[in-house]
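Here's protein_9.tsv, which has TSV, C-alpha atoms:
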```
chain	number	residue	atom	x	y	z
I	1155	MET	CA	99.82	96.38	95.96
I	1156	LYS	CA	100.48	97.16	99.61
I	1157	HIS	CA	99.84	94.60	102.34
I	1158	ARG	CA	98.61	94.75	105.93
I	1159	LYS	CA	98.75	92.42	108.93
I	1160	PHE	CA	95.57	90.47	109.59
I	1161	SER	CA	95.03	90.36	113.37
I	1162	ASP	CA	97.67	88.15	115.03
I	1163	LEU	CA	97.40	85.35	112.47
I	1164	GLY	CA	100.67	85.99	110.66
I	1165	TRP	CA	98.82	86.75	107.43
I	1166	ASN	CA	99.99	89.53	105.12
I	1167	VAL	CA	96.92	90.35	103.06
I	1168	SER	CA	96.58	92.70	100.13
I	1169	GLU	CA	95.00	95.90	101.45
I	1170	ILE	CA	92.53	95.68	98.56
I	1171	GLY	CA	90.82	92.32	98.25
I	1172	LEU	CA	87.87	91.19	96.16
I	1173	GLY	CA	84.30	90.91	97.35
I	1174	CYS	CA	82.79	88.01	95.42
I	1175	TRP	CA	79.07	88.72	95.84
I	1176	ALA	CA	78.68	90.13	92.32
I	1177	ILE	CA	80.09	87.03	90.60
I	1178	GLY	CA	77.55	84.93	92.48
I	1179	SER	CA	74.20	86.70	92.21
I	1180	GLU	CA	72.05	89.78	92.80
I	1181	TRP	CA	74.04	92.23	90.69
I	1182	GLY	CA	72.46	91.51	87.33
I	1183	ASP	CA	73.75	88.83	84.97
I	1184	VAL	CA	77.44	87.93	85.18
I	1185	SER	CA	78.63	85.23	82.77
I	1186	ASP	CA	80.81	82.34	83.89
I	1187	ASP	CA	83.59	83.73	81.69
I	1188	ASP	CA	83.38	87.19	83.27
I	1189	ALA	CA	83.32	85.69	86.76
I	1190	ARG	CA	86.50	83.71	86.09
I	1191	LYS	CA	88.25	86.67	84.46
I	1192	THR	CA	87.29	88.90	87.40
I	1193	LEU	CA	89.00	86.53	89.81
I	1194	GLN	CA	92.07	85.98	87.64
I	1195	THR	CA	92.58	89.69	86.97
I	1196	SER	CA	92.33	90.43	90.69
I	1197	LEU	CA	94.97	87.79	91.41
I	1198	ASP	CA	97.20	89.13	88.62
I	1199	LYS	CA	96.96	92.63	90.13
I	1200	GLY	CA	98.18	91.45	93.52
I	1201	VAL	CA	94.94	90.59	95.34
I	1202	ASN	CA	95.39	87.67	97.73
I	1203	PHE	CA	92.24	88.04	99.88
I	1204	PHE	CA	88.92	86.85	98.47
I	1205	ASP	CA	85.66	87.16	100.40
I	1206	THR	CA	82.63	85.09	99.41
I	1207	ALA	CA	79.58	83.41	101.01
I	1208	ASP	CA	77.58	80.22	100.60
I	1209	VAL	CA	74.46	82.13	99.55
I	1210	TYR	CA	76.08	84.12	96.73
I	1211	GLY	CA	74.37	82.36	93.85
I	1212	ASP	CA	73.64	79.37	96.09
I	1213	GLY	CA	77.30	78.36	96.05
I	1214	ARG	CA	78.16	79.71	92.57
I	1215	SER	CA	80.61	82.29	93.93
I	1216	GLU	CA	82.34	79.80	96.23
I	1217	LYS	CA	82.79	77.36	93.35
I	1218	PHE	CA	84.46	80.00	91.18
I	1219	VAL	CA	86.82	80.85	94.04
I	1220	GLY	CA	87.52	77.13	94.40
I	1221	GLU	CA	88.49	76.97	90.72
I	1222	LEU	CA	90.90	79.86	91.21
I	1223	LEU	CA	92.51	78.11	94.18
I	1224	LYS	CA	93.13	75.01	92.07
I	1225	SER	CA	94.61	77.03	89.22
I	1226	THR	CA	97.46	78.69	91.12
I	1227	SER	CA	100.27	77.92	93.54
I	1228	GLU	CA	100.15	81.46	94.95
I	1229	LYS	CA	98.99	81.83	98.55
I	1230	ILE	CA	95.38	83.00	98.60
I	1231	TYR	CA	93.40	83.74	101.74
I	1232	VAL	CA	89.75	82.74	101.46
I	1233	ALA	CA	87.05	84.10	103.72
I	1234	THR	CA	83.53	82.81	103.36
I	1235	LYS	CA	80.35	83.25	105.37
I	1236	THR	CA	77.65	81.04	106.83
I	1237	GLY	CA	74.21	81.25	108.41
I	1238	ARG	CA	72.00	82.90	105.80
I	1239	ARG	CA	70.88	79.52	104.47
I	1240	LEU	CA	68.83	79.10	107.64
I	1241	ASP	CA	65.08	79.16	107.00
I	1242	PRO	CA	63.74	80.76	109.05
I	1243	HIS	CA	66.81	82.91	109.61
I	1244	ASN	CA	66.73	83.30	113.38
I	1245	ALA	CA	69.11	83.21	116.33
I	1246	GLU	CA	67.93	79.74	117.36
I	1247	GLY	CA	69.33	78.33	114.13
I	1248	TYR	CA	72.88	79.30	114.99
I	1249	ASN	CA	73.82	75.97	116.56
I	1250	ILE	CA	76.30	73.28	115.58
I	1251	ASN	CA	73.63	70.90	114.23
I	1252	GLN	CA	72.36	73.45	111.72
I	1253	ILE	CA	75.52	75.39	110.87
I	1254	GLU	CA	78.01	72.53	110.51
I	1255	PRO	CA	76.31	71.09	107.38
I	1256	PHE	CA	76.56	74.54	105.79
I	1257	VAL	CA	80.27	74.61	106.57
I	1258	ASP	CA	80.68	71.14	105.06
I	1259	ARG	CA	78.95	72.38	101.90
I	1260	SER	CA	81.30	75.39	101.70
I	1261	LEU	CA	84.30	73.08	102.02
I	1262	LEU	CA	83.02	71.10	99.03
I	1263	ASN	CA	82.25	74.21	96.99
I	1264	LEU	CA	85.73	75.63	97.63
I	1265	GLY	CA	87.52	72.31	97.28
I	1266	LEU	CA	89.25	72.80	100.62
I	1267	ASP	CA	89.99	70.62	103.64
I	1268	ILE	CA	89.94	73.65	105.95
I	1269	ILE	CA	88.63	77.18	105.46
I	1270	ASP	CA	90.98	80.06	106.33
I	1271	LEU	CA	88.29	82.33	107.78
I	1272	MET	CA	84.63	81.55	108.38
I	1273	GLN	CA	82.37	84.50	109.20
I	1274	LEU	CA	78.88	84.48	110.63
I	1275	HIS	CA	76.83	86.17	107.91
I	1276	CYS	CA	74.99	89.09	109.51
I	1277	PRO	CA	73.02	86.96	111.99
I	1278	PRO	CA	70.17	88.35	114.10
I	1279	THR	CA	71.43	90.82	116.69
I	1280	GLU	CA	70.77	88.54	119.68
I	1281	THR	CA	73.15	85.92	118.20
I	1282	TYR	CA	76.18	88.06	119.10
I	1283	SER	CA	75.53	87.93	122.84
I	1284	LYS	CA	74.85	84.17	123.03
I	1285	GLU	CA	77.68	82.06	124.44
I	1286	GLU	CA	76.54	79.14	122.28
I	1287	THR	CA	77.41	81.12	119.14
I	1288	TYR	CA	81.11	81.20	119.99
I	1289	THR	CA	81.21	77.68	121.44
I	1290	MET	CA	79.85	76.48	118.10
I	1291	MET	CA	82.59	78.29	116.18
I	1292	ASP	CA	85.28	77.06	118.57
I	1293	ASP	CA	84.02	73.51	117.99
I	1294	LEU	CA	84.35	73.95	114.23
I	1295	VAL	CA	87.96	75.06	114.75
I	1296	LYS	CA	88.64	72.02	116.97
I	1297	LYS	CA	87.16	69.75	114.30
I	1298	GLY	CA	89.63	71.16	111.77
I	1299	LYS	CA	86.97	72.51	109.42
I	1300	ILE	CA	87.82	76.18	109.86
I	1301	GLN	CA	91.13	77.75	110.84
I	1302	TYR	CA	89.78	81.00	112.29
I	1303	TYR	CA	86.47	82.80	112.54
I	1304	GLY	CA	84.97	86.26	112.52
I	1305	VAL	CA	81.65	87.99	112.09
I	1306	SER	CA	79.98	90.09	109.42
I	1307	VAL	CA	77.77	92.72	111.02
I	1308	GLU	CA	75.20	95.35	110.15
I	1309	THR	CA	75.67	97.68	113.13
I	1310	VAL	CA	78.46	99.12	115.23
I	1311	GLU	CA	76.77	97.78	118.35
I	1312	GLU	CA	76.89	94.22	116.98
I	1313	ALA	CA	80.58	94.66	116.19
I	1314	LEU	CA	81.37	95.88	119.70
I	1315	GLU	CA	79.50	92.92	121.22
I	1316	ALA	CA	81.31	90.39	119.02
I	1317	ILE	CA	84.83	91.58	119.84
I	1318	LYS	CA	84.26	90.93	123.51
I	1319	ARG	CA	85.03	87.29	122.59
I	1320	PRO	CA	88.77	86.52	122.38
I	1321	ASN	CA	88.60	84.14	119.42
I	1322	VAL	CA	86.80	86.55	117.10
I	1323	LYS	CA	89.66	87.47	114.77
I	1324	SER	CA	87.82	89.75	112.35
I	1325	VAL	CA	84.80	91.93	111.85
I	1326	GLN	CA	83.40	92.68	108.43
I	1327	ILE	CA	81.50	95.96	108.41
I	1328	ILE	CA	80.15	98.57	106.00
I	1329	PHE	CA	82.44	101.58	106.01
I	1330	ASN	CA	82.76	104.22	103.33
I	1331	ILE	CA	82.52	107.97	102.76
I	1332	PHE	CA	78.74	107.61	103.27
I	1333	ARG	CA	78.98	105.36	106.36
I	1334	GLN	CA	81.56	106.89	108.69
I	1335	LYS	CA	80.22	105.90	112.11
I	1336	PRO	CA	82.43	102.78	112.61
I	1337	SER	CA	85.57	104.94	112.85
I	1338	GLU	CA	84.31	106.79	115.92
I	1339	LYS	CA	84.40	104.03	118.54
I	1340	PHE	CA	84.53	100.59	116.97
I	1341	PHE	CA	87.84	101.12	115.16
I	1342	ILE	CA	89.47	102.20	118.42
I	1343	GLU	CA	88.23	99.12	120.30
I	1344	ALA	CA	89.12	96.75	117.45
I	1345	ALA	CA	92.67	98.12	117.32
I	1346	LYS	CA	93.07	97.62	121.08
I	1347	LYS	CA	92.11	93.95	120.67
I	1348	ASN	CA	94.02	93.46	117.40
I	1349	VAL	CA	90.85	92.46	115.56
I	1350	ALA	CA	91.09	92.64	111.78
I	1351	ILE	CA	88.63	94.95	110.03
I	1352	ILE	CA	87.27	93.87	106.64
I	1353	VAL	CA	85.47	96.75	104.91
I	1354	ARG	CA	82.59	95.89	102.60
I	1355	VAL	CA	80.35	98.09	100.41
I	1356	PRO	CA	83.28	100.54	100.01
I	1357	LEU	CA	81.80	102.21	96.95
I	1358	ALA	CA	78.20	102.32	98.24
I	1359	SER	CA	76.96	99.83	95.61
I	1360	GLY	CA	78.56	101.88	92.85
I	1361	LEU	CA	77.35	105.31	93.91
I	1362	LEU	CA	80.91	106.28	94.83
I	1363	THR	CA	82.22	105.44	91.39
I	1364	GLY	CA	80.54	108.64	90.16
I	1365	LYS	CA	79.18	106.81	87.11
I	1366	MET	CA	75.52	106.95	88.11
I	1367	ASN	CA	72.96	109.71	87.81
I	1368	ILE	CA	69.40	110.26	88.95
I	1369	GLN	CA	68.07	108.51	85.81
I	1370	SER	CA	70.20	105.35	86.20
I	1371	LYS	CA	68.26	102.08	85.96
I	1372	PHE	CA	69.20	98.63	87.22
I	1373	PRO	CA	68.19	95.11	86.07
I	1374	ASN	CA	65.33	93.30	87.78
I	1375	ASN	CA	67.78	90.77	89.28
I	1376	ASP	CA	70.02	93.50	90.73
I	1377	HIS	CA	69.51	94.35	94.42
I	1378	ARG	CA	69.93	98.03	93.52
I	1379	ASN	CA	66.52	97.64	91.92
I	1380	TYR	CA	64.57	95.36	94.25
I	1381	ASN	CA	66.15	96.12	97.64
I	1382	ILE	CA	65.99	99.92	97.44
I	1383	GLN	CA	63.52	99.91	100.36
I	1384	GLY	CA	65.12	96.95	102.17
I	1385	LYS	CA	62.49	94.42	101.11
I	1386	ALA	CA	64.96	91.53	100.60
I	1387	PHE	CA	67.61	92.22	103.27
I	1388	ASP	CA	69.01	95.09	105.30
I	1389	VAL	CA	68.68	98.26	103.25
I	1390	GLY	CA	72.13	99.33	104.43
I	1391	GLU	CA	73.61	96.81	101.97
I	1392	THR	CA	72.13	98.75	99.03
I	1393	PHE	CA	73.69	102.16	98.34
I	1394	ALA	CA	74.92	101.96	101.98
I	1395	GLY	CA	71.36	102.81	103.05
I	1396	VAL	CA	71.57	106.32	101.61
I	1397	PRO	CA	68.46	107.57	99.75
I	1398	TYR	CA	69.52	107.47	96.12
I	1399	HIS	CA	68.85	111.14	95.37
I	1400	LYS	CA	70.88	112.18	98.42
I	1401	GLY	CA	73.72	109.97	97.32
I	1402	ILE	CA	73.77	111.56	93.88
I	1403	GLU	CA	73.73	115.02	95.48
I	1404	ALA	CA	76.71	114.15	97.68
I	1405	VAL	CA	78.61	112.59	94.77
I	1406	GLU	CA	78.33	115.84	92.82
I	1407	GLU	CA	79.93	117.67	95.75
I	1408	LEU	CA	82.66	115.06	96.12
I	1409	LYS	CA	83.53	115.34	92.43
I	1410	LYS	CA	84.61	118.93	93.10
I	1411	ILE	CA	87.45	117.80	95.39
I	1412	ILE	CA	88.84	114.78	93.54
I	1413	PRO	CA	92.66	115.08	93.43
I	1414	GLU	CA	94.45	115.17	90.10
I	1415	GLY	CA	95.14	111.69	88.79
I	1416	PHE	CA	92.34	110.13	90.86
I	1417	THR	CA	88.87	108.91	89.97
I	1418	LEU	CA	86.07	109.18	92.52
I	1419	ALA	CA	86.42	105.43	93.11
I	1420	ASP	CA	90.17	105.85	93.74
I	1421	MET	CA	89.48	108.65	96.20
I	1422	SER	CA	86.77	106.65	97.96
I	1423	LEU	CA	88.96	103.57	98.38
I	1424	LYS	CA	91.97	105.65	99.42
I	1425	TRP	CA	89.80	107.40	102.01
I	1426	ILE	CA	89.03	104.03	103.59
I	1427	LEU	CA	92.67	102.94	103.45
I	1428	SER	CA	93.68	106.21	105.13
I	1429	HIS	CA	92.31	104.68	108.34
I	1430	PRO	CA	95.16	102.54	109.70
I	1431	GLU	CA	92.78	100.31	111.65
I	1432	VAL	CA	91.38	98.93	108.37
I	1433	THR	CA	92.97	95.62	107.38
I	1434	VAL	CA	91.46	95.02	103.94
I	1435	VAL	CA	88.79	96.62	101.78
I	1436	ILE	CA	86.78	94.33	99.49
I	1437	PRO	CA	85.19	96.13	96.53
I	1438	GLY	CA	83.20	93.90	94.22
I	1439	ALA	CA	83.52	93.53	90.47
I	1440	LYS	CA	81.49	92.02	87.63
I	1441	ASN	CA	84.22	91.90	84.99
I	1442	SER	CA	87.96	92.08	84.43
I	1443	ASN	CA	87.98	95.83	83.82
I	1444	GLN	CA	86.25	96.62	87.12
I	1445	ALA	CA	88.60	94.24	88.94
I	1446	GLN	CA	91.60	96.04	87.49
I	1447	LEU	CA	90.26	99.49	88.39
I	1448	ASN	CA	89.61	98.38	91.99
I	1449	THR	CA	93.29	97.77	92.66
I	1450	LYS	CA	94.65	101.15	91.53
I	1451	ALA	CA	94.01	102.98	94.79
I	1452	SER	CA	96.65	101.05	96.73
I	1453	ASP	CA	99.47	102.80	94.86
I	1454	LYS	CA	97.93	106.29	94.91
I	1455	ASP	CA	99.31	109.14	97.01
I	1456	THR	CA	97.81	110.07	100.34
I	1457	ILE	CA	94.67	112.25	100.44
I	1458	GLU	CA	95.13	113.60	103.96
I	1459	ASN	CA	94.79	117.18	102.70
I	1460	ILE	CA	91.15	116.66	101.60
I	1461	MET	CA	89.89	114.47	104.45
I	1462	GLY	CA	88.28	117.51	106.09
I	1463	GLN	CA	86.38	118.43	102.92
I	1464	ILE	CA	85.11	114.88	102.55
I	1465	LYS	CA	83.92	114.95	106.16
I	1466	GLU	CA	82.08	118.19	105.47
I	1467	VAL	CA	80.14	116.65	102.57
I	1468	TYR	CA	79.20	113.73	104.81
I	1469	ASN	CA	78.12	115.97	107.69
I	1470	ASN	CA	76.01	118.24	105.50
I	1471	ILE	CA	74.24	115.75	103.22
I	1472	ILE	CA	74.59	112.14	104.37
I	1473	MET	CA	74.98	112.05	108.14
I	1474	PRO	CA	71.34	112.93	109.01
I	1475	GLU	CA	70.17	110.03	106.82
I	1476	VAL	CA	72.36	107.18	108.05
I	1477	HIS	CA	74.48	107.90	111.12
I	1478	HIS	CA	71.89	106.99	113.74
I	1479	ARG	CA	70.73	103.84	111.96
I	1480	TRP	CA	73.75	101.55	111.90
```
Hey, can you dump this file as structure tokens for me?
Amino acid sequence: MKHRKFSDLGWNVSEIGLGCWAIGSEWGDVSDDDARKTLQTSLDKGVNFFDTADVYGDGRSEKFVGELLKSTSEKIYVATKTGRRLDPHNAEGYNINQIEPFVDRSLLNLGLDIIDLMQLHCPPTETYSKEETYTMMDDLVKKGKIQYYGVSVETVEEALEAIKRPNVKSVQIIFNIFRQKPSEKFFIEAAKKNVAIIVRVPLASGLLTGKMNIQSKFPNNDHRNYNIQGKAFDVGETFAGVPYHKGIEAVEELKKIIPEGFTLADMSLKWILSHPEVTVVIPGAKNSNQAQLNTKASDKDTIENIMGQIKEVYNNIIMPEVHHRW
């Protein structure tokens, strides 16, 4: 497993981490045993960066990560997220009186005295331009409840607004073969400011594993079933916002250029890691096998020779669907 520097914090994080949404909720049923094995296998394969959130299974995911922390002496970096417990979820709720109790709850769930990285969890767009947002986070640092903070965003514009603030150490954003827009401007600006980039939805909710087809079905409690039109949350979180049939069409084209010794998932993760501005990519997993497969790409050879062909598939099939939206 290769490592990368995380902003100016002195952290060396595994370039492939684990996104812990699936072991919490909304990806079908995941047993407690599978959740624990997913985390342990990731750790065994060299992962030291784990990303979770307080709303993943209403704290279930955070508690599993907390168990892992207690079980090992190895240094693990934990990033969690806050804000989505607000009801209603609006910009006015992002104040110290409402957010601090959520942070306290995350500390309990994780069994920590201080959280390595707390991220605002895709708040309303206007939150990013409010001075109070960052004063609140600075106060949580001063109180010793969080060490550093960042933001998780839906759009490039939100990311660019957030990194105007000097204490924003990271931005978590959707970036994959189907969502290439962040590399055009945001990556350049983030690199200038030494802001860490955490890449989520790297496999477009499984589309970029190549294991799905047009007849694939998903459980009722899987967001790939109920959020296909964005009814529960931003549709960009499900299949990266790509219409399913278009995604399948693009996958069939991508399969034609997979290098020898690679799977489509390997190629997709390596494509992301080919961008030096990326700090860590956080694919999810529902079991030990998926966790193990996620980590393989770090040791694969470069794919620079096919980057142009991948771009061509994006331009021809996917770009008209998504590029202007996020």
Next item on the list: Tell me which of I:Phe1341, I:Phe1218, I:Tyr1231, I:Trp1425 sits closest to Lys1191 (chain I), counting all atoms listed in the file.
Entry: I:Phe1218
Item checked: Between CA of Thr1279 (chain I) and CA of His1429 (chain I) - distance in Å to one decimal -> 26.4 Å
Next item on the list: Determine, counting only C-alpha atoms, which protein, DNA and RNA residues have an atom within 10 Å of an atom of Lys1224 (chain I); residues of the same chain fewer than 5 positions away are not included. Present the result as a PyMOL selection string.
Entry: chain I and resi 1219+1264-1266
Next item on the list: Pick out the closest residue to Gly1182 (chain I) from this set: I:Lys1424, I:Leu1314, I:Asn1251, I:Gly1211. Count only C-alpha atoms.
Entry: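 Going through I:Lys1424, I:Leu1314, I:Asn1251, I:Gly1211 one by one, the smallest distance to Gly1182 (chain I) is for I:Gly1211.
Nearest to Phe1332 (chain I) of all the residues I:Asp1270, I:Glu1280, I:Glu1466, I:Glu1315 is I:Glu1466, based on only C-alpha atoms.
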Margin query: For a quick check of your reading of the model, name the residues lying within 12 Å of the coordinate (70.6, 80.1, 114.8), counting all atoms listed in the file, and write them as JSON, numbers by chain.
Written below: {"I": [1236, 1237, 1238, 1239, 1240, 1241, 1242, 1243, 1244, 1245, 1246, 1247, 1248, 1249, 1250, 1251, 1252, 1253, 1254, 1274, 1275, 1276, 1277, 1278, 1279, 1280, 1281, 1282, 1284, 1286, 1287, 1288, 1290]}
Next item on the list: Show which residues sit within 7 Å of region 1431-1438 of chain I, as a list of chain:residue names. Count all atoms listed in the file, and ignore same-chain residues fewer than 6 positions away.
Entry: I:Arg1158, I:Lys1159, I:Phe1160, I:Ser1168, I:Glu1169, I:Ile1170, I:Gly1171, I:Leu1172, I:Gly1173, I:Cys1174, I:Trp1175, I:Ala1176, I:Phe1341, I:Ala1345, I:Ala1350, I:Ile1351, I:Ile1352, I:Val1353, I:Arg1354, I:Val1355, I:Pro1356, I:Leu1357, I:Asn1448
Could you write out as JSON the box around region 1396-1413 of chain I (axis-aligned, all atoms listed in the file, 4 Å on each side), with centre and edge lengths in Å to one decimal?
```
{"center_x": 80.6, "center_y": 112.6, "center_z": 97.0, "size_x": 32.2, "size_y": 20.6, "size_z": 17.2}
```
Notebook entry, point to check: So what do you get for CA of Glu1308 (chain I) versus CA of Ile1327 (chain I), distance-wise?
Noted result: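 Taking CA of Glu1308 (chain I) as the start and CA of Ile1327 (chain I) as the end point, the length is 6.6 Å.
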Env of region 1453-1457 of chain I: 8 Å cut, atoms = all atoms listed in the file, seq-sep filter 4 positions within chain, self excluded. Answer as a compact mmCIF listing (two decimals) with C-alpha atoms, in the coordinates of the input.
```txt
# COMPACT_ATOMS: atom_id res chain seq x y z
CA MET I 1155 99.82 96.38 95.96
CA LYS I 1156 100.48 97.16 99.61
CA PRO I 1413 92.66 115.08 93.43
CA PHE I 1416 92.34 110.13 90.86
CA ASP I 1420 90.17 105.85 93.74
CA MET I 1421 89.48 108.65 96.20
CA LYS I 1424 91.97 105.65 99.42
CA TRP I 1425 89.80 107.40 102.01
CA SER I 1428 93.68 106.21 105.13
CA MET I 1461 89.89 114.47 104.45
```
Next item on the list: Have a look at I:Ile1472, I:Ser1185, I:Val1167, I:Gln1369 and name the one nearest to Glu1407 (chain I); count only C-alpha atoms.
Entry: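 With only C-alpha atoms as the atom set, the closest residue is I:Ile1472.
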Kindly output region 1324-1337 of chain I as a PDB file, in the frame of the given file, after building N, CA and C atoms.
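For reference, rebuild_27.pdb as written:
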```
ATOM      1  N   SER I1324      88.120  88.720 113.354  1.00  0.00           N
ATOM      2  CA  SER I1324      87.820  89.750 112.350  1.00  0.00           C
ATOM      3  C   SER I1324      86.373  90.185 112.451  1.00  0.00           C
ATOM      4  N   VAL I1325      86.153  91.395 112.006  1.00  0.00           N
ATOM      5  CA  VAL I1325      84.800  91.930 111.850  1.00  0.00           C
ATOM      6  C   VAL I1325      84.699  92.526 110.454  1.00  0.00           C
ATOM      7  N   GLN I1326      83.687  92.094 109.728  1.00  0.00           N
ATOM      8  CA  GLN I1326      83.400  92.680 108.430  1.00  0.00           C
ATOM      9  C   GLN I1326      82.247  93.663 108.600  1.00  0.00           C
ATOM     10  N   ILE I1327      82.461  94.892 108.134  1.00  0.00           N
ATOM     11  CA  ILE I1327      81.500  95.960 108.410  1.00  0.00           C
ATOM     12  C   ILE I1327      81.435  96.913 107.219  1.00  0.00           C
ATOM     13  N   ILE I1328      80.290  97.547 107.037  1.00  0.00           N
ATOM     14  CA  ILE I1328      80.150  98.570 106.000  1.00  0.00           C
ATOM     15  C   ILE I1328      80.813  99.851 106.490  1.00  0.00           C
ATOM     16  N   PHE I1329      81.736 100.346 105.684  1.00  0.00           N
ATOM     17  CA  PHE I1329      82.440 101.580 106.010  1.00  0.00           C
ATOM     18  C   PHE I1329      82.835 102.237 104.701  1.00  0.00           C
ATOM     19  N   ASN I1330      82.394 103.467 104.528  1.00  0.00           N
ATOM     20  CA  ASN I1330      82.760 104.220 103.330  1.00  0.00           C
ATOM     21  C   ASN I1330      82.501 105.701 103.589  1.00  0.00           C
ATOM     22  N   ILE I1331      82.712 106.525 102.586  1.00  0.00           N
ATOM     23  CA  ILE I1331      82.520 107.970 102.760  1.00  0.00           C
ATOM     24  C   ILE I1331      81.094 108.280 103.222  1.00  0.00           C
ATOM     25  N   PHE I1332      80.140 107.413 102.874  1.00  0.00           N
ATOM     26  CA  PHE I1332      78.740 107.610 103.270  1.00  0.00           C
ATOM     27  C   PHE I1332      78.372 106.909 104.576  1.00  0.00           C
ATOM     28  N   ARG I1333      79.270 106.085 105.117  1.00  0.00           N
ATOM     29  CA  ARG I1333      78.980 105.360 106.360  1.00  0.00           C
ATOM     30  C   ARG I1333      80.191 105.452 107.279  1.00  0.00           C
ATOM     31  N   GLN I1334      80.339 106.591 107.950  1.00  0.00           N
ATOM     32  CA  GLN I1334      81.560 106.890 108.690  1.00  0.00           C
ATOM     33  C   GLN I1334      81.519 106.517 110.172  1.00  0.00           C
ATOM     34  N   LYS I1335      80.371 106.148 110.673  1.00  0.00           N
ATOM     35  CA  LYS I1335      80.220 105.900 112.110  1.00  0.00           C
ATOM     36  C   LYS I1335      81.203 104.870 112.692  1.00  0.00           C
ATOM     37  N   PRO I1336      81.534 103.770 111.987  1.00  0.00           N
ATOM     38  CA  PRO I1336      82.430 102.780 112.610  1.00  0.00           C
ATOM     39  C   PRO I1336      83.755 103.333 113.086  1.00  0.00           C
ATOM     40  N   SER I1337      84.251 104.402 112.467  1.00  0.00           N
ATOM     41  CA  SER I1337      85.570 104.940 112.850  1.00  0.00           C
ATOM     42  C   SER I1337      85.551 105.652 114.184  1.00  0.00           C
TER      43      SER I1337
END
```
